[in-house]
Every structure is written in C-alpha cells, then in structure tokens.
>>> print(open('start24.txt').read())   # compact mmCIF, C-alpha atoms
# COMPACT_ATOMS: atom_id res chain seq x y z
CA GLU A 30 -15.44 -42.40 19.04
CA TYR A 31 -16.87 -40.68 15.95
CA LEU A 32 -14.68 -42.65 13.59
CA GLY A 33 -16.16 -45.93 14.81
CA GLU A 34 -19.77 -45.08 13.96
CA ILE A 35 -19.77 -46.12 10.29
CA SER A 36 -18.59 -49.24 8.47
CA GLY A 37 -18.83 -50.89 5.06
CA LYS A 38 -19.59 -49.07 1.81
CA ARG A 39 -20.77 -45.92 3.56
CA LYS A 40 -17.45 -45.73 5.33
CA GLN A 41 -15.57 -45.97 2.03
CA ARG A 42 -17.82 -43.32 0.48
CA TYR A 43 -17.12 -40.85 3.25
CA GLN A 44 -13.43 -41.60 3.13
CA ASP A 45 -13.44 -40.72 -0.57
CA LEU A 46 -15.32 -37.51 0.20
CA ALA A 47 -12.81 -36.69 2.90
CA VAL A 48 -10.01 -36.89 0.35
CA GLN A 49 -11.87 -34.45 -1.92
CA PHE A 50 -12.67 -31.98 0.85
CA SER A 51 -9.13 -32.18 2.21
CA THR A 52 -7.90 -30.90 -1.14
CA PHE A 53 -10.57 -28.18 -1.41
CA PRO A 54 -11.91 -27.55 2.14
CA ALA A 55 -14.17 -24.65 1.11
CA LYS A 56 -16.27 -27.03 -1.00
CA LEU A 57 -17.68 -28.48 2.21
CA GLN A 58 -19.79 -25.38 2.83
CA ASP A 59 -21.62 -25.95 -0.47
CA ALA A 60 -22.12 -29.66 0.15
CA ASP A 61 -25.42 -31.32 1.00
CA ARG A 62 -26.72 -30.67 4.52
CA LYS A 63 -26.50 -34.37 5.39
CA ILE A 64 -22.85 -34.45 4.40
CA ARG A 65 -22.05 -31.36 6.45
CA LYS A 66 -23.80 -32.96 9.42
CA ASN A 67 -22.05 -36.32 9.10
CA LYS A 68 -19.87 -36.64 12.19
CA TYR A 69 -17.79 -39.45 10.73
CA LEU A 70 -16.82 -37.33 7.73
CA ILE A 71 -16.09 -34.27 9.85
CA ALA A 72 -13.99 -36.38 12.22
CA LEU A 73 -11.98 -37.62 9.25
CA LEU A 74 -11.39 -34.06 8.06
CA CYS A 75 -10.38 -33.00 11.56
CA ARG A 76 -7.42 -35.34 11.46
CA ASP A 77 -5.78 -33.23 8.74
CA ASP A 78 -7.39 -29.80 8.87
CA PRO A 79 -9.59 -29.29 11.94
CA TYR A 80 -9.87 -25.54 11.41
CA SER A 81 -11.42 -25.86 7.94
CA ALA A 82 -13.57 -28.76 9.11
CA MET A 83 -15.04 -26.64 11.92
CA LYS A 84 -15.37 -23.60 9.71
CA TYR A 85 -17.39 -25.28 6.96
CA CYS A 86 -19.26 -28.08 8.74
CA HIS A 87 -22.87 -27.80 9.91
CA PRO A 88 -23.27 -25.57 13.02
CA SER A 89 -24.78 -28.42 15.03
CA VAL A 90 -21.69 -30.58 14.47
CA ARG A 91 -19.41 -27.65 15.24
CA THR A 92 -21.23 -27.03 18.51
CA GLU A 93 -21.00 -30.68 19.51
CA PHE A 94 -17.33 -31.05 18.64
CA CYS A 95 -16.31 -27.74 20.17
CA SER A 96 -18.15 -28.39 23.43
CA ASN A 97 -16.18 -31.56 24.10
CA LYS A 98 -12.87 -30.84 25.82
CA ASP A 99 -11.18 -34.03 24.61
CA VAL A 100 -12.16 -33.35 21.00
CA VAL A 101 -11.08 -29.72 21.29
CA MET A 102 -7.71 -30.69 22.75
CA ASP A 103 -7.18 -33.14 19.90
CA MET A 104 -8.04 -30.51 17.27
CA LEU A 105 -5.81 -27.92 18.93
CA GLN A 106 -2.90 -30.32 18.65
CA HIS A 107 -3.20 -29.80 14.89
CA ASP A 108 -4.24 -26.16 14.67
CA GLY A 109 -4.47 -23.53 17.41
CA ARG A 110 -6.93 -21.48 15.35
CA VAL A 111 -9.66 -23.96 16.32
CA LEU A 112 -9.94 -21.90 19.50
CA GLU A 113 -12.06 -19.52 17.45
CA PHE A 114 -14.93 -22.05 17.46
CA VAL A 115 -14.57 -23.38 20.99
CA ALA A 116 -17.51 -22.94 23.36
CA GLY A 117 -17.20 -19.97 25.72
CA GLU A 118 -16.70 -21.92 28.94
CA LEU A 119 -13.96 -24.07 27.40
CA LYS A 120 -12.10 -20.96 26.24
CA GLN A 121 -11.39 -20.31 29.90
CA ASP A 122 -10.02 -23.80 30.52
CA PHE A 123 -6.34 -23.56 31.43
CA ASP A 124 -5.33 -26.69 29.49
CA ILE A 125 -7.01 -25.42 26.34
CA ILE A 126 -5.55 -21.92 26.67
CA ARG A 127 -2.07 -23.33 27.18
CA LEU A 128 -2.28 -25.65 24.19
CA ALA A 129 -3.80 -23.02 21.90
CA LEU A 130 -1.10 -20.46 22.69
CA LYS A 131 1.67 -22.97 22.16
CA LYS A 132 0.28 -24.29 18.90
CA ASP A 133 -0.85 -21.09 17.19
CA SER A 134 0.07 -18.27 19.50
CA ARG A 135 -0.42 -15.27 17.21
CA SER A 136 -3.96 -16.02 16.15
CA SER A 137 -4.93 -17.52 19.49
CA VAL A 138 -3.95 -14.47 21.49
CA SER A 139 -6.26 -12.22 19.46
CA ILE A 140 -9.13 -14.57 20.26
CA LEU A 141 -8.20 -14.81 23.93
CA LYS A 142 -8.05 -11.03 24.32
CA GLU A 143 -11.76 -10.83 23.58
CA PHE A 144 -12.76 -12.49 26.83
CA LEU A 145 -9.66 -13.39 28.87
CA THR A 146 -8.64 -10.44 31.02
CA PRO A 147 -5.08 -10.07 32.34
CA GLU A 148 -6.49 -10.66 35.85
CA LYS A 149 -8.04 -13.95 34.79
CA PHE A 150 -4.96 -15.11 32.93
CA LEU A 151 -2.51 -14.18 35.69
CA GLY A 152 -4.87 -15.75 38.22
CA MET A 153 -4.64 -19.03 36.31
CA LEU A 154 -0.85 -18.84 36.31
CA MET A 155 -0.82 -18.23 40.05
CA GLU A 156 -2.76 -21.44 40.57
CA GLU A 157 -0.73 -23.49 38.10
CA THR A 158 2.67 -22.12 37.13
CA ASP A 159 3.76 -22.73 33.56
CA ARG A 160 7.02 -21.00 32.65
CA GLU A 161 6.68 -21.64 28.93
CA LEU A 162 3.13 -20.28 28.83
CA LEU A 163 4.10 -17.20 30.84
CA SER A 164 7.02 -16.59 28.48
CA THR A 165 4.69 -16.85 25.48
CA ALA A 166 2.22 -14.47 27.13
CA ILE A 167 4.93 -11.88 27.81
CA VAL A 168 6.03 -11.96 24.18
CA LEU A 169 2.49 -11.76 22.79
CA MET A 170 0.97 -9.46 25.40
CA PRO A 171 3.92 -7.38 26.67
CA ASN A 172 1.74 -4.98 28.66
CA ILE A 173 0.91 -7.84 30.99
CA ILE A 174 4.19 -7.16 32.82
CA ARG A 175 2.79 -3.81 33.98
CA HIS A 176 -0.22 -5.41 35.61
CA PRO A 177 -0.20 -5.28 39.45
CA GLN A 178 -0.77 -9.05 39.66
CA PHE A 179 2.25 -9.89 37.51
CA LEU A 180 4.64 -9.93 40.46
CA ASP A 181 2.36 -12.36 42.30
CA VAL A 182 2.96 -15.07 39.70
CA PRO A 183 5.68 -17.50 40.87
CA CYS A 184 8.95 -17.14 38.93
CA ALA A 185 7.51 -14.17 36.98
CA MET A 186 10.70 -12.11 37.22
CA ASP A 187 12.89 -15.07 36.34
CA VAL A 188 10.85 -15.76 33.21
CA LEU A 189 10.79 -12.06 32.29
CA ALA A 190 14.58 -11.91 32.59
CA SER A 191 14.85 -14.92 30.30
CA VAL A 192 12.65 -13.21 27.70
CA LEU A 193 14.48 -9.88 27.91
CA THR A 194 17.85 -11.54 27.36
CA GLN A 195 16.76 -12.83 23.96
CA ARG A 196 17.65 -10.42 21.18
CA GLN A 197 14.47 -10.99 19.20
CA HIS A 198 12.41 -9.60 22.08
CA GLN A 199 14.23 -6.31 22.62
CA ASN A 200 11.02 -4.36 21.93
CA ILE A 201 9.72 -5.50 25.33
CA ARG A 202 12.38 -3.34 26.98
CA ASP A 203 10.34 -0.28 26.06
CA ILE A 204 7.55 -1.53 28.32
CA LEU A 205 9.81 -2.29 31.27
CA THR A 206 9.42 0.27 34.05
CA PRO A 207 12.04 1.40 36.60
CA GLU A 208 9.72 0.24 39.39
CA LEU A 209 9.53 -3.29 37.99
CA PHE A 210 13.27 -3.35 37.30
CA GLN A 211 14.11 -2.25 40.83
CA SER A 212 11.64 -4.64 42.48
CA ASP A 213 14.00 -7.63 42.26
CA ALA A 214 17.76 -7.37 42.81
CA ASP A 215 18.59 -10.66 41.07
CA PHE A 216 16.47 -9.66 38.09
CA ALA A 217 18.24 -6.30 37.82
CA ARG A 218 21.66 -7.91 38.19
CA THR A 219 20.95 -10.45 35.44
CA LEU A 220 19.82 -7.81 32.96
CA LYS A 221 22.68 -5.41 33.68
CA ALA A 222 25.17 -8.21 33.19
CA TYR A 223 23.54 -9.05 29.86
CA ASP A 224 23.37 -5.51 28.48
CA ALA A 225 24.67 -2.25 29.95
CA LYS A 226 21.66 -0.39 28.55
CA PHE A 227 19.57 -1.80 31.39
CA TRP A 228 21.46 0.53 33.74
CA ARG A 229 19.08 3.27 32.63
CA PHE A 230 16.45 1.74 34.90
CA GLU A 231 18.61 2.08 38.02
CA THR A 232 17.93 4.59 40.78
CA LYS A 233 19.60 8.00 40.69
CA ASP A 234 21.32 7.22 43.99
CA LYS A 235 22.87 4.07 42.56
CA LEU A 236 24.02 5.88 39.42
CA ALA A 237 25.67 8.53 41.58
CA ASP A 238 27.41 6.08 43.92
CA TYR A 239 31.16 6.26 43.25
CA ASP A 240 32.14 2.76 44.38
CA SER A 241 29.25 0.98 42.65
CA MET A 242 29.67 2.78 39.37
CA LYS A 243 33.45 2.50 39.38
CA LYS A 244 33.12 -1.27 39.70
CA ALA A 245 30.44 -1.38 37.01
CA VAL A 246 32.47 0.75 34.58
CA SER A 247 35.54 -1.41 35.18
CA GLU A 248 33.49 -4.39 33.98
CA CYS A 249 31.86 -2.62 31.03
CA TRP A 250 32.82 0.78 29.64
CA LYS A 251 29.32 1.34 28.23
CA VAL A 252 27.99 1.84 31.77
CA LEU A 253 29.65 5.28 31.72
CA GLU A 254 26.71 6.49 29.62
CA PHE A 255 24.39 6.08 32.62
CA CYS A 256 26.62 7.47 35.37
CA SER A 257 25.52 10.65 37.10
CA PRO A 258 26.79 13.96 35.62
CA GLU A 259 29.23 14.29 38.52
CA LEU A 260 30.78 10.88 37.91
CA LYS A 261 31.13 11.59 34.20
CA LYS A 262 33.56 14.32 35.27
CA ASN A 263 35.54 11.95 37.48
CA ALA A 264 38.93 11.26 35.88
CA ASP A 265 39.35 7.85 37.56
CA ILE A 266 36.03 6.52 36.30
CA VAL A 267 36.43 8.02 32.83
CA LEU A 268 39.96 6.57 32.57
CA LEU A 269 38.59 3.14 33.47
CA ALA A 270 36.12 3.43 30.62
CA VAL A 271 38.46 4.78 27.91
CA SER A 272 41.11 2.20 28.82
CA GLN A 273 38.66 -0.39 27.47
CA ASN A 274 37.48 1.60 24.47
CA GLY A 275 38.52 5.12 23.55
CA LEU A 276 35.05 5.86 22.22
CA ALA A 277 33.81 5.83 25.81
CA LEU A 278 34.97 9.45 25.81
CA ASN A 279 31.76 10.16 23.96
CA TYR A 280 29.82 9.39 27.18
CA ALA A 281 32.07 11.44 29.48
CA ASP A 282 31.55 15.05 30.41
CA PRO A 283 32.91 17.38 27.65
CA SER A 284 35.47 18.73 30.11
CA MET A 285 37.17 15.32 30.11
CA ARG A 286 38.17 15.84 26.49
CA LYS A 287 40.67 18.43 27.69
CA ASP A 288 42.28 16.09 30.23
CA VAL A 289 45.58 15.03 28.64
CA ASN A 290 45.73 11.64 30.40
CA VAL A 291 42.17 10.76 29.46
CA ALA A 292 42.62 12.00 25.89
CA LEU A 293 45.86 10.06 25.37
CA GLU A 294 44.44 6.83 26.78
CA ALA A 295 41.32 7.18 24.65
CA VAL A 296 43.27 7.66 21.41
CA VAL A 297 45.70 4.84 22.25
CA GLN A 298 42.79 2.46 22.74
CA ASN A 299 40.84 3.62 19.71
CA ILE A 300 42.23 5.97 17.07
CA GLY A 301 38.67 7.02 16.34
CA ALA A 302 38.70 8.88 19.66
CA LEU A 303 40.92 11.47 17.96
CA LEU A 304 37.67 12.97 16.70
CA LEU A 305 36.49 13.41 20.29
CA VAL A 306 39.51 14.93 22.07
CA ASP A 307 39.94 18.67 22.46
CA GLU A 308 41.09 20.51 19.33
CA SER A 309 44.21 21.83 21.10
CA PHE A 310 45.71 18.32 21.28
CA LYS A 311 45.56 17.84 17.54
CA ASP A 312 48.29 20.46 17.00
CA ASP A 313 50.43 19.15 19.86
CA PHE A 314 53.55 17.43 18.51
CA TYR A 315 54.20 15.37 21.63
CA PHE A 316 50.58 14.28 21.84
CA ALA A 317 50.65 13.24 18.18
CA ARG A 318 53.92 11.35 18.61
>>> encode(input="start24.txt", output="structure tokens")
Amino acid sequence: EYLGEISGKRKQRYQDLAVQFSTFPAKLQDADRKIRKNKYLIALLCRDDPYSAMKYCHPSVRTEFCSNKDVVMDMLQHDGRVLEFVAGELKQDFDIIRLALKKDSRSSVSILKEFLTPEKFLGMLMEETDRELLSTAIVLMPNIIRHPQFLDVPCAMDVLASVLTQRQHQNIRDILTPELFQSDADFARTLKAYDAKFWRFETKDKLADYDSMKKAVSECWKVLEFCSPELKKNADIVLLAVSQNGLALNYADPSMRKDVNVALEAVVQNIGALLLVDESFKDDFYFAR
C-alpha cells in the first residue's frame, strides 16, 4: 500500500536513498524531517531492515506503521525486535506475540516480560494451543512451569517432557518440582525412561517399594542411586545393579562392599570397582584369582 504511493523521478530518488540508508541505517536519524516522514522510503527500508527503519524514522511514521497489525506482522517476519516499537494493544495480540517469539525469541521475551504476565500468556495458550510457542516460552521463561495455570494449558506436560528430553535444556530440570513431576504419570514415565536422574523427583514410598525399584534397577543400574536406604542394603537389588556396571557399587550402602558376591560381580563387570570393594578382599588370593 505504501509502496504504491509514489511514481516517476521521485520514486527513483527515494529508491536511491533507500540503498544509502540500507548500508548505513543510522544516517536516517540525521536526515531531513521530510525524508524521515516519507512513508514510501520507510516502507522500502522495512523490506530489508525494519528494525532500523522504525528506530530512526520520524515518530509519526513509526506510530502509524506500528499501529497497523498487517504492517507489524510483515515487519516481524524480518526481525522480531520490531516488537519494541509496536503499539501497546498490539503487543497483546496472540498472532504478534507468537511471531515475535519465533522470529527473535531472546530479545522479544525481554520486551514481553514488561507487560505480558504469566497469567495473560497462559490464558492465551488455553484459548489457542500452540505447542511450538509453549515450548519456546518454557525455554525462555522456565519459571512459567511453576505457575498454577500451567497445568490448565492443553498438552502442557507433553510439551514440557519434550523440552526436558533435549540435552541443551537440562538447566530447566532445576526448576522442575516433585509436585509437578508427580502430577502426570505418563510425564514421569517418559522422563525416567530418558534419564535415571529424574527418579529423584519420585515419592519416598515409590523409592522404597521393593518390586518397583527392583524392576527399575534391572532396566537401569543408575536408578540404585535413588533407592531408599533400606533397598540400597538389599543384596538382590544391588546385585542387579552391579551386574550391569560394577561402579553401581558406589550407590549401594557401604555394607554391600563387604558382601563377597556383590563385590565379585562388581569387579568382574568393571575392574574399576576394585577401588570400591572392602579392603579385606584385596589381600584375598581366591578373590584376586
């Protein structure tokens, strides 16, 4: 619409100016007032660098451009930082928020935090579910998972599980709470299957249940670390763990290091476990043989 307002020599002149300002955007702020107010020129600049165009153009043009949702959406396609100049009411438009976060998430989230509360954001997601946007929000605003409304968002736990099973987002585990972990059985199962360290969020009753923990340890020896103190003394469970990796002895109760069967199995599986077994075995000829 703006690009169709000028024709002829004036059009060529502004096109030449656009080339100059595209190379040195900051020069626009020192340009003549008429140039900074020329919508055709600013529209040309927006095609390549909308952020600089909005930053250095005349305030009246900025206000007009950034109050038009279609224009804003077009500029955000090129640079999410344009959100900085968008009119207040449009900053709460779900389409604009979604596009800004996807295009320039790091800078956009700092702008959004100024006026978009977790309640407002989660409320939007409850009305219109967007898995990709929720995933982005969890990565950029991890504390959002602790908000009471988080569980009300459709597929929230499924998306959170997807984020937590990506190695680059392991820092989010520190924000995960036992209550949130235990609120969804499928969620808990997915995370425990991905990494045994998620067992630390389980209930004490579950970690003390012989059958459950025996099965879990048989599938992954690292689970022994999170078993109850009583189960760490259980020879059957400890044997299951050391039969996979002798270093599992490190997670067992110290008394297990004196159990000859456990000690032998641990050393057979991993010679490094020789550093963990009781000192008395190290002078035992038959044990050494």
>>> closest_residue(input="start24.txt", among="A:Leu169, A:Cys86, A:Ala116, A:Val291", to="Asn200 (chain A)", atoms="all atoms listed in the file")
A:Leu169
>>> residues_near_point(input="start24.txt", point="(-19.8, -34.6, 0.9)", cutoff="9 Å", atoms="only C-alpha atoms", output="list of chain:residue names")
A:Arg42, A:Tyr43, A:Asp45, A:Leu46, A:Ala47, A:Gln49, A:Phe50, A:Lys56, A:Leu57, A:Asp59, A:Ala60, A:Asp61, A:Arg62, A:Lys63, A:Ile64, A:Arg65, A:Asn67, A:Leu70
>>> atom_distance(input="start24.txt", atom1="CA of Pro177 (chain A)", atom2="CA of Leu163 (chain A)")
15.3 Å
>>> closest_residue(input="start24.txt", among="A:Met155, A:Ala295, A:Ile71, A:Leu112", to="Ser89 (chain A)", atoms="all atoms listed in the file")
A:Ile71
>>> closest_residue(input="start24.txt", among="A:Leu304, A:Leu189, A:Lys68, A:Tyr239", to="Ile201 (chain A)", atoms="only C-alpha atoms")
A:Leu189
>>> residues_around(input="start24.txt", residues="region 158-162 of chain A", least_positions_apart="6", cutoff="7 Å", atoms="only C-alpha atoms", output="PyMOL selection string")
chain A and resi 127+183+188
>>> atom_distance(input="start24.txt", atom1="CA of Arg229 (chain A)", atom2="CA of Glu248 (chain A)")
16.4 Å
>>> atom_distance(input="start24.txt", atom1="CA of Cys256 (chain A)", atom2="CA of Leu236 (chain A)")
5.1 Å
>>> closest_residue(input="start24.txt", among="A:Leu105, A:Ala281, A:Met242, A:Ile173", to="Glu148 (chain A)", atoms="only C-alpha atoms")
A:Ile173
>>> closest_residue(input="start24.txt", among="A:Phe216, A:Phe316, A:Phe53, A:Phe150", to="Ser81 (chain A)", atoms="all atoms listed in the file")
A:Phe53
>>> closest_residue(input="start24.txt", among="A:Val90, A:Ala55, A:Val182, A:Ala190", to="Met153 (chain A)", atoms="only C-alpha atoms")
A:Val182
>>> residues_around(input="start24.txt", residues="Leu276 (chain A)", least_positions_apart="5", cutoff="9 Å", atoms="all atoms listed in the file", output="PDB file with C-alpha atoms, in the frame of the given file")
ATOM      1  CA  ALA A 270      36.120   3.430  30.620  1.00  0.00           C
ATOM      2  CA  VAL A 271      38.460   4.780  27.910  1.00  0.00           C
ATOM      3  CA  ALA A 295      41.320   7.180  24.650  1.00  0.00           C
ATOM      4  CA  VAL A 296      43.270   7.660  21.410  1.00  0.00           C
ATOM      5  CA  GLN A 298      42.790   2.460  22.740  1.00  0.00           C
ATOM      6  CA  ASN A 299      40.840   3.620  19.710  1.00  0.00           C
ATOM      7  CA  ILE A 300      42.230   5.970  17.070  1.00  0.00           C
ATOM      8  CA  GLY A 301      38.670   7.020  16.340  1.00  0.00           C
ATOM      9  CA  ALA A 302      38.700   8.880  19.660  1.00  0.00           C
ATOM     10  CA  LEU A 305      36.490  13.410  20.290  1.00  0.00           C
TER      11      LEU A 305
END
>>> residues_around(input="start24.txt", residues="Ile204 (chain A)", least_positions_apart="2", cutoff="12 Å", atoms="only C-alpha atoms", output="NGL selection string")
:A and (167-168 or 170-176 or 189 or 193 or 198-202 or 206-210 or 230)
>>> residues_near_point(input="start24.txt", point="(37.7, 16.4, 24.1)", cutoff="6 Å", atoms="all atoms listed in the file", output="ChimeraX atom specification")
/A:286-287,305-307
>>> residues_around(input="start24.txt", residues="Ala72 (chain A)", least_positions_apart="3", cutoff="12 Å", atoms="only C-alpha atoms", output="PyMOL selection string")
chain A and resi 30-35+43-44+47+51+64-69+75-83+86+90-91+93-95+100-101+103-104
>>> residues_around(input="start24.txt", residues="region 260-265 of chain A", least_positions_apart="2", cutoff="10 Å", atoms="all atoms listed in the file", output="count of residues only")
26
